[in-house]
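Dumped protein-v9.txt below, it's compact mmCIF, C-alpha atoms and all ligand atoms:
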```txt
# COMPACT_ATOMS: atom_id res chain seq x y z
CA MET A 5 -35.79 -49.78 -60.33
CA ASN A 6 -32.16 -50.90 -60.15
CA ILE A 7 -32.73 -54.64 -60.61
CA TYR A 8 -29.63 -55.61 -58.64
CA LEU A 9 -30.81 -53.53 -55.68
CA LYS A 10 -34.26 -55.17 -55.93
CA LYS A 11 -32.68 -58.63 -55.90
CA PHE A 12 -30.46 -57.69 -52.95
CA ILE A 13 -33.49 -56.47 -50.98
CA GLU A 14 -35.43 -59.66 -51.76
CA GLU A 15 -32.48 -61.73 -50.48
CA LYS A 16 -31.78 -59.79 -47.29
CA PHE A 17 -35.12 -58.49 -46.02
CA ARG A 18 -38.22 -60.48 -45.11
CA LYS A 19 -40.36 -57.36 -44.77
CA PRO A 20 -40.14 -53.69 -45.79
CA GLY A 21 -38.23 -51.32 -43.50
CA LYS A 22 -36.72 -47.85 -43.64
CA ALA A 23 -34.23 -46.93 -46.37
CA LEU A 24 -32.03 -44.00 -47.36
CA ASP A 25 -30.89 -43.29 -50.94
CA LEU A 26 -27.73 -41.13 -51.06
CA GLY A 27 -27.65 -39.27 -54.40
CA ALA A 28 -31.18 -40.19 -55.41
CA GLY A 29 -31.19 -38.44 -58.82
CA ASP A 30 -34.77 -38.43 -60.11
CA PHE A 31 -35.92 -40.36 -56.99
CA PHE A 32 -37.07 -43.31 -59.12
CA ASP A 33 -35.64 -45.97 -56.77
CA VAL A 34 -37.14 -44.07 -53.80
CA ALA A 35 -40.57 -44.19 -55.49
CA CYS A 36 -40.19 -47.91 -56.32
CA LEU A 37 -39.24 -48.79 -52.75
CA LYS A 38 -42.25 -46.86 -51.45
CA GLN A 39 -44.40 -48.93 -53.83
CA LEU A 40 -42.92 -52.02 -52.20
CA GLY A 41 -44.02 -50.76 -48.77
CA TRP A 42 -40.72 -49.23 -47.60
CA LYS A 43 -40.36 -45.89 -45.86
CA CYS A 44 -37.70 -44.30 -48.03
CA GLU A 45 -35.85 -40.98 -47.90
CA GLY A 46 -33.74 -39.74 -50.81
CA VAL A 47 -31.21 -36.91 -50.78
CA ASP A 48 -29.23 -35.31 -53.57
CA ILE A 49 -27.22 -32.16 -54.26
CA LYS A 50 -30.23 -31.12 -56.37
CA THR A 51 -32.38 -31.12 -53.23
CA GLY A 52 -29.79 -29.32 -51.11
CA VAL A 53 -27.71 -32.13 -49.58
CA ASP A 54 -24.05 -32.02 -50.60
CA LEU A 55 -22.56 -35.46 -49.96
CA GLU A 56 -19.04 -34.01 -50.09
CA LYS A 57 -19.94 -33.05 -46.52
CA TYR A 58 -20.92 -35.37 -43.67
CA PHE A 59 -24.68 -35.97 -43.63
CA LEU A 60 -26.74 -37.50 -40.83
CA SER A 61 -30.45 -37.76 -41.59
CA GLU A 62 -32.97 -36.66 -38.95
CA LYS A 63 -34.70 -39.97 -39.77
CA HIS A 64 -31.71 -42.19 -38.97
CA PRO A 65 -31.05 -45.01 -38.19
CA PHE A 66 -32.06 -46.91 -41.34
CA ASP A 67 -32.39 -50.65 -42.16
CA LEU A 68 -30.83 -50.07 -45.56
CA VAL A 69 -28.62 -47.31 -46.97
CA PHE A 70 -27.93 -47.42 -50.70
CA SER A 71 -26.14 -45.19 -53.17
CA ASN A 72 -25.94 -45.76 -56.90
CA TYR A 73 -23.48 -44.04 -59.25
CA VAL A 74 -22.49 -41.25 -56.86
CA ILE A 75 -19.36 -42.22 -54.87
CA HIS A 76 -17.02 -42.06 -57.89
CA LYS A 77 -17.98 -38.38 -58.28
CA LEU A 78 -17.02 -37.46 -54.70
CA ASN A 79 -13.57 -36.26 -53.63
CA ASP A 80 -13.87 -37.37 -50.00
CA LYS A 81 -14.87 -41.02 -50.32
CA GLU A 82 -13.92 -41.86 -46.71
CA GLN A 83 -16.28 -39.24 -45.35
CA PHE A 84 -19.05 -40.49 -47.63
CA ILE A 85 -18.58 -44.03 -46.26
CA LYS A 86 -18.80 -42.61 -42.73
CA THR A 87 -22.11 -41.02 -43.80
CA VAL A 88 -23.31 -44.46 -44.97
CA PHE A 89 -22.17 -46.08 -41.68
CA ASP A 90 -23.62 -43.53 -39.27
CA ASN A 91 -27.05 -43.51 -40.95
CA LEU A 92 -27.40 -47.30 -40.51
CA LYS A 93 -28.74 -49.36 -37.62
CA LYS A 94 -26.31 -51.93 -36.24
CA ASP A 95 -26.48 -55.19 -38.26
CA SER A 96 -28.16 -53.41 -41.19
CA TRP A 97 -27.06 -53.44 -44.80
CA PHE A 98 -25.60 -51.03 -47.33
CA PHE A 99 -25.62 -51.40 -51.11
CA ILE A 100 -23.40 -49.35 -53.44
CA HIS A 101 -23.14 -49.31 -57.21
CA THR A 102 -20.49 -47.27 -58.95
CA PHE A 103 -18.30 -47.49 -62.03
CA ASP A 104 -15.06 -49.44 -61.83
CA LYS A 105 -11.73 -47.88 -62.81
CA LYS A 106 -11.64 -50.22 -65.86
CA ASP A 107 -14.87 -48.68 -67.22
CA LYS A 108 -13.93 -46.96 -70.49
CA ASN A 109 -17.15 -44.90 -70.48
CA SER A 110 -16.67 -43.20 -67.11
CA LYS A 111 -13.88 -41.28 -65.41
CA SER A 112 -14.14 -43.32 -62.21
CA ALA A 113 -10.88 -44.01 -60.38
CA LEU A 114 -12.37 -46.56 -58.00
CA THR A 115 -11.26 -50.18 -57.78
CA ALA A 116 -12.84 -52.96 -55.75
CA ASP A 117 -9.69 -53.13 -53.57
CA HIS A 118 -9.76 -49.41 -52.82
CA LEU A 119 -13.46 -49.48 -51.92
CA ARG A 120 -13.03 -52.60 -49.74
CA LYS A 121 -10.19 -50.88 -47.83
CA ILE A 122 -12.30 -47.80 -47.07
CA LEU A 123 -15.28 -49.95 -46.05
CA SER A 124 -13.32 -52.20 -43.71
CA ARG A 125 -11.45 -49.23 -42.17
CA GLN A 126 -14.88 -47.77 -41.38
CA GLY A 127 -15.81 -51.00 -39.56
CA PHE A 128 -18.22 -52.67 -41.98
CA LYS A 129 -18.56 -56.48 -41.84
CA ASN A 130 -19.56 -59.11 -44.44
CA ILE A 131 -18.14 -56.89 -47.21
CA LYS A 132 -18.60 -58.25 -50.72
CA THR A 133 -17.41 -56.57 -53.90
CA GLY A 134 -17.81 -57.59 -57.50
CA VAL A 135 -17.35 -56.14 -60.97
CA PHE A 136 -19.63 -57.01 -63.88
CA SER A 137 -20.38 -55.73 -67.38
CA TYR A 138 -23.64 -53.94 -68.07
CA TYR A 139 -24.91 -52.58 -71.38
CA ASP A 140 -26.50 -49.12 -70.99
CA ASN A 141 -29.23 -49.14 -73.63
CA GLU A 142 -30.54 -45.60 -72.93
CA GLU A 143 -30.89 -43.25 -75.89
CA GLY A 144 -27.65 -41.28 -76.25
CA HIS A 145 -25.70 -43.84 -74.19
CA LYS A 146 -25.67 -47.27 -75.90
CA HIS A 147 -22.39 -48.49 -74.45
CA TRP A 148 -20.93 -50.98 -71.99
CA HIS A 149 -20.08 -50.20 -68.38
CA LYS A 150 -18.00 -52.00 -65.80
CA ILE A 151 -20.16 -51.81 -62.69
CA LEU A 152 -18.56 -52.13 -59.27
CA GLU A 153 -21.00 -53.42 -56.64
CA ALA A 154 -20.26 -53.36 -52.91
CA THR A 155 -22.50 -54.65 -50.13
CA GLY A 156 -21.99 -55.22 -46.43
CA LYS A 157 -23.29 -54.97 -42.91
CA LYS A 158 -22.71 -52.47 -40.07
C1 LIG B 201 -25.68 -40.74 -62.18
S1 LIG B 201 -26.80 -39.98 -61.09
C2 LIG B 201 -27.46 -41.39 -60.24
C3 LIG B 201 -28.81 -41.15 -59.68
C4 LIG B 201 -29.45 -42.36 -59.00
N1 LIG B 201 -28.73 -42.78 -57.82
C5 LIG B 201 -29.59 -43.51 -59.94
O1 LIG B 201 -29.02 -44.57 -59.70
O2 LIG B 201 -30.31 -43.35 -60.94
C6 LIG B 201 -25.71 -39.22 -59.91
C7 LIG B 201 -26.43 -38.35 -58.88
O3 LIG B 201 -25.47 -37.90 -57.92
C8 LIG B 201 -25.81 -36.58 -57.54
N2 LIG B 201 -24.62 -35.94 -56.97
C9 LIG B 201 -23.46 -35.65 -57.60
N3 LIG B 201 -22.61 -35.02 -56.75
C10 LIG B 201 -23.28 -34.93 -55.57
C11 LIG B 201 -22.94 -34.38 -54.30
N4 LIG B 201 -21.76 -33.77 -54.09
N5 LIG B 201 -23.85 -34.45 -53.31
C12 LIG B 201 -25.05 -35.05 -53.52
N6 LIG B 201 -25.43 -35.58 -54.69
C13 LIG B 201 -24.55 -35.53 -55.70
C14 LIG B 201 -26.27 -35.95 -58.85
O4 LIG B 201 -27.04 -34.80 -58.62
C15 LIG B 201 -27.07 -37.10 -59.48
O5 LIG B 201 -28.42 -37.04 -59.14
```
Written form, structure tokens:
Amino acid sequence: MNIYLKKFIEEKFRKPGKALDLGAGDFFDVACLKQLGWKCEGVDIKTGVDLEKYFLSEKHPFDLVFSNYVIHKLNDKEQFIKTVFDNLKKDSWFFIHTFDKKDKNSKSALTADHLRKILSRQGFKNIKTGVFSYYDNEEGHKHWHKILEATGKK
């Protein structure tokens, strides 16, 4: 499981709730959260949900909406952030990981400032952003990334 997401959940939640993973990939984080007692839905283009379009889950509202390494791929980032917002309960948290513009191993054009602007325009509170280096040790990767993390509350 994404260890930063796990740490975030341990800090913010006293008990398991209901989560949504936007762009779930192989659904590994969804499976891990279920193991931890969460109800967790994952969606992805591979399972028929195109996040270039607005998406409101039938299971909304959620206690946590997270999305890892997806937003930098999307053209309409504002609409995606509206998707994050509308799927959340009031006072609930989002968690986003993406690649920063300075990352030499991705074509991301996102900066922390840009993401913060979109998030605050949408109405999120307690927004925190940070950029850190992470070595991707997977076979065929073996390189450094600049990860951009954003968290906040509806
Ligand atoms: C790098 S993977 C990350 C998967 C997972 N979140 C993780 O952290 O391991 C990016 C995922 O975004 C999905 N994706 C890309 N464009 C998408 C779109 N327009 N709508 C929904 N999912 C999309 C891909 O199918 C892929 O599963």
Original post:
Between A:Glu142, A:Asp104, A:Asp90, A:Glu153, which is the closest to Gln126 (chain A) once you count all atoms listed in the file?
Top reply: A:Asp90
Original post:
Could you state the separation of CA of Leu114 (chain A) and CA of Trp97 (chain A) in Å, given to one decimal place?
Top reply: 20.9 Å
Original post:
Could you name the residues that touch region 29-32 of chain A at 7 Å or less, counting all atoms listed in the file, but leaving out those on the same chain fewer than 2 positions away, as an MDAnalysis selection string?
Top reply: chainID A and resid 5 27 34:36 46 48
Subject >> Selection as a list in words: residues within 8 Å of ligand LIG 201 (chain B) by all atoms listed in the file >> reply: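 Sorted by chain and then by number, the residues are Asn6, Asp25, Leu26, Gly27, Ala28, Gly29, Asp30, Phe31, Phe32, Asp33, Val47, Asp48, Ile49, Lys50, Gly52, Val53, Asp54, Leu55, Glu56, Lys57, Ser71, Asn72, Tyr73, Val74, Lys77, Leu78 and His101 of chain A.
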Go ahead and save the residues from that selection, with C-alpha atoms, as a compact mmCIF listing (two decimals), keeping the file's coordinate frame.
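That gives us result_4.txt:
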```txt
# COMPACT_ATOMS: atom_id res chain seq x y z
CA ASN A 6 -32.16 -50.90 -60.15
CA ASP A 25 -30.89 -43.29 -50.94
CA LEU A 26 -27.73 -41.13 -51.06
CA GLY A 27 -27.65 -39.27 -54.40
CA ALA A 28 -31.18 -40.19 -55.41
CA GLY A 29 -31.19 -38.44 -58.82
CA ASP A 30 -34.77 -38.43 -60.11
CA PHE A 31 -35.92 -40.36 -56.99
CA PHE A 32 -37.07 -43.31 -59.12
CA ASP A 33 -35.64 -45.97 -56.77
CA VAL A 47 -31.21 -36.91 -50.78
CA ASP A 48 -29.23 -35.31 -53.57
CA ILE A 49 -27.22 -32.16 -54.26
CA LYS A 50 -30.23 -31.12 -56.37
CA GLY A 52 -29.79 -29.32 -51.11
CA VAL A 53 -27.71 -32.13 -49.58
CA ASP A 54 -24.05 -32.02 -50.60
CA LEU A 55 -22.56 -35.46 -49.96
CA GLU A 56 -19.04 -34.01 -50.09
CA LYS A 57 -19.94 -33.05 -46.52
CA SER A 71 -26.14 -45.19 -53.17
CA ASN A 72 -25.94 -45.76 -56.90
CA TYR A 73 -23.48 -44.04 -59.25
CA VAL A 74 -22.49 -41.25 -56.86
CA LYS A 77 -17.98 -38.38 -58.28
CA LEU A 78 -17.02 -37.46 -54.70
CA HIS A 101 -23.14 -49.31 -57.21
```
Original post:
Can you tell me, as a list in words, what residues are no more than 9 Å from Phe128 (chain A) when counting all atoms listed in the file, ignoring any on the same chain fewer than 5 positions away?
Top reply: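 Here the qualifying residues turn out to be Phe89, Leu123, Gly156, Lys157 and Lys158 of chain A.
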Written file, previous selection with C-alpha atoms, as a compact mmCIF listing (two decimals), in the coordinates of the input:
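Saved file part-v8.txt follows:
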```txt
# COMPACT_ATOMS: atom_id res chain seq x y z
CA PHE A 89 -22.17 -46.08 -41.68
CA LEU A 123 -15.28 -49.95 -46.05
CA GLY A 156 -21.99 -55.22 -46.43
CA LYS A 157 -23.29 -54.97 -42.91
CA LYS A 158 -22.71 -52.47 -40.07
```
**OP:** Have a look at A:Phe70, A:Ser96, A:Trp148, A:Lys105 and name the one nearest to Lys129 (chain A); count only C-alpha atoms.
**Re:**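 Distance minimum relative to Lys129 (chain A) lands on A:Ser96.
The interatomic distance for the pair CA of Asn79 (chain A) and CA of Arg125 (chain A) works out to 17.4 Å.
Using only C-alpha atoms for every distance, the candidate list A:Gln83, A:Ser61, A:Ser137, A:Asn109 yields A:Gln83 as the residue closest to Ile122 (chain A).
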Original post:
For the atom pair CA of Lys93 (chain A) and CA of Leu24 (chain A), what is the interatomic distance in Å to one decimal place?
Top reply: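 Calculated distance between CA of Lys93 (chain A) and CA of Leu24 (chain A) is 11.6 Å.
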Subject >> Spatial neighbours of Phe17 (chain A), 12 Å, all atoms listed in the file, chain gap at least 5 places, as a list in words >> reply: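 With the cut-off at 12 Å, the set is Leu9, Lys10, Lys11, Phe12, Lys22, Ala23, Leu40, Trp42, Asp67, Leu68, Ser96 and Trp97 of chain A.
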Original post:
Restricting the calculation to only C-alpha atoms, which member of A:Tyr58, A:Phe84, A:Tyr8, A:Phe103 is positioned closest to Thr115 (chain A)?
Top reply: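 Closest to Thr115 (chain A), using only C-alpha atoms: A:Phe103.
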Original post:
Which residue, A:Asp80, A:His147, A:Lys38, A:Asp117, has the smallest gap to Gly134 (chain A) when you use all atoms listed in the file?
Top reply: A:Asp117
Original post:
Of the residues A:Lys106, A:Ile151, A:His118, A:Phe59, which is the one nearest to Asn91 (chain A), using all atoms listed in the file?
Top reply: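 Going through A:Lys106, A:Ile151, A:His118, A:Phe59 one by one, the smallest distance to Asn91 (chain A) is for A:Phe59.
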